[in-house]
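Read through the structure below, which is laid out as C-alpha cells, and then see the notes.
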There are 2 protein chains.
Amino acid sequence: MRIGQLSQLSGVEVETIRFYEREGLLQRAEREANGYRRYQQDHLQRLAFIRHCRALDMPLQDVKRMLQFMTQPTADCGDIDRLIEAHLENVRSRLQSLQALEVQLCSLRDQCGQPGRGEQCGIVQELESASKGRSCACHPA
Amino acid sequence: MRIGQLSQLSGVEVETIRFYEREGLLQRAEREANGYRRYQQDHLQRLAFIRHCRALDMPLQDVKRMLQFMTQPTADCGDIDRLIEAHLENVRSRLQSLQALEVQLCSLRDQCGQPGRGEQCGIVQELESASKGRSCACHPA
DNA sequence: TAAAAACCCTGTAGCCACTACAGAGTCAAT
DNA sequence: ATTGACTCTGTAGTGGCTACAGGGTTTTTA
C-alpha cells in the first residue's frame with residue numbers, strides 16, 4: 001500500500017509517517033519505480049504500536065527503546081519495567097500540579113463578581129496584588 | 001538595577017527576561033552608556049505578574065492580552081473572564097486525559113509479573129497485542 | 001596594577017513532536 | 001488535455017524557553 005492508505009488505516013498523518021521514518025522509528029519503506037513508498041502489513045503493525053505508546057504519552061525516545069527491545073525479545077525486560085515505572089511517576093507528578101492549578105484557577109475565576117469595568121474586576125486585582133508580593137487566591141501566603 | 005539583579009529578585013532567568021522583552025511582554029529597558037539594560041521597580045512588578053500567569057500555565061499570548069488589558073483598566077473585563085474560563089476548561093480536559101493515562105499505565109505495569117526474559121514480559125505482550133488490534137489493558141475493546 | 005572571574009551584549013541554534021508549507025513530479029478520472 | 005488528488009524532498013514554523021558562540025565591561029582578588 002502507499003503512504004496515504006497507511007495513513008488512513010493507522011490514523012497517523014502522512015507527514016508524521018515520513019517524520020517517523022526520518023527519526024528511525026518506522027523502518028524504511030521500499031520504493032516503487034516512481035519513488036513512492038510502498039508499505040507492508042508489518043509497517044501498519046509497527047505504526048499501531050508507536051501510536052499506542054504515544055497515546056500513553058511516551059516520549060519518542062522511549063518508544064524507540066521499546067521497539068529496539070522488541071526486536072531482541074530474549075533480553076531482560078527490567079529496563080522496560082523501569083521505563084514504564086518512571087513514566088508513571090512523571091504522569092502522576094503532572095497530575096498533581098494540574099490539580100493544584102485547577103483549584104487556583106477556580107478561586108481566581110470566582111474573584112470576578114460581575115462583568116463590568118476592569119478596575120473593579122477581582123481577577124485583575126488579584127493578579128496585580130500577587131505581582132506586588134501580597135497574598136492572593138492562587139498562592140496564599 | 002541590572003538584568004542579573006532583576007533575575008535574582010524575580011526568580012526569572014536572565015535569558016528568559018531578554019526573551020520576554022523580545023516577545024513584547026516586558027517593556028523595553030533603558031540602556032546605560034555601556035549598553036547594559038537598566039530596570040526599575042515596575043519591571044519587577046510586571047515580571048512578577050508574568051511569572052504568576054505562567055505559574056497558572058497560561059500561554060504567553062494570553063498573558064500578553066492580560067497585560068494589554070491592564071493598561072486600559074476601564075475596559076470591559078468580560079474578555080478576561082472568558083480567558084480564565086477557557087483556560088480552566090483546558091486544564092480540566094488535560095486533567096481527564098492524564099487520569100485515564102494513569103490507569104492505563106498502572107494496568108500495563110501490572111502485566112509484567114517478574115523481571116526476566118522479554119518474551120514472557122506481559123508489558124511487551126500487551127503492547128504487541130494492542131498493535132495487532134486485539135483488546136488490551138490500556139484500550140479495552 | 002594586572003589578572004581572573006563574573007557579568008553583560010547580540011544573534012543564532014537546539015529542544016520536542018510534530019505541522020505546514022514550497023516547489024516539483026506522478027497518477028486517475030473526465 | 002486538463003483537472004484534481006496524490007506523492008516526493010527539503011525547509012521552516014510552533015511554544016517557551018535554554019544554551020551556546022563570540023564578543024565587550026565591570027568587579028574582585030592577588
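Here's how to read the names in the C-alpha cells: chain A, B, ... by the order shown, residue numbers from 1 in each chain, ligand numbers from 1 in the order shown.
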Pick out the residues sitting within 12 Å of region 12-23 of chain D, and hand them over as number ranges by chain; count only C-alpha atoms (C1' of nucleotides), and ignore anything fewer than 3 positions along from it in its own chain. B: 12-20, 23, 54, 57-61; C: 8-22
Select, as a PyMOL selection string, those residues of chain B with any atom no more than 8 Å from chain C (distances computed using only C-alpha atoms (C1' of nucleotides)). chain B and resi 4+35-36
Take the residues from that selection and write them out as a CSV table (one decimal), in the first residue's frame, keeping N, CA and C atoms.
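Once everything was written out, this is selection34.csv:
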```
chain,number,residue,atom,x,y,z
B,4,GLY,N,20.9,41.0,35.9
B,4,GLY,CA,21.2,39.9,36.9
B,4,GLY,C,20.4,40.0,38.2
B,35,GLY,N,25.5,50.1,27.3
B,35,GLY,CA,24.6,49.2,26.6
B,35,GLY,C,23.8,48.2,27.5
B,36,TYR,N,24.2,48.2,28.7
B,36,TYR,CA,23.5,47.3,29.7
B,36,TYR,C,22.1,47.8,29.9
```
Find the residues near Arg2 (chain B): any atom within 8 Å, counting only C-alpha atoms (C1' of nucleotides), skip ones fewer than 3 places away on the same chain, and give them as a ChimeraX atom specification. /B:5-6,36-39
Would you put the residues from that selection into a file with C-alpha atoms, as a tab-separated table (two decimals), in the first residue's frame?
```tsv
chain	number	residue	atom	x	y	z
B	5	GLN	CA	19.65	41.51	39.92
B	6	LEU	CA	16.22	41.60	38.33
B	36	TYR	CA	23.52	47.31	29.69
B	37	ARG	CA	19.78	47.23	30.41
B	38	ARG	CA	18.66	49.26	33.40
B	39	TYR	CA	15.47	48.23	35.18
```
Test item: chain D residues at most 10 Å from chain A, counting only C-alpha atoms (C1' of nucleotides), as number ranges by chain: D: 6-8
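When CA of Arg46 (chain A) is paired with CA of Met66 (chain A), their separation reads 11.2 Å.
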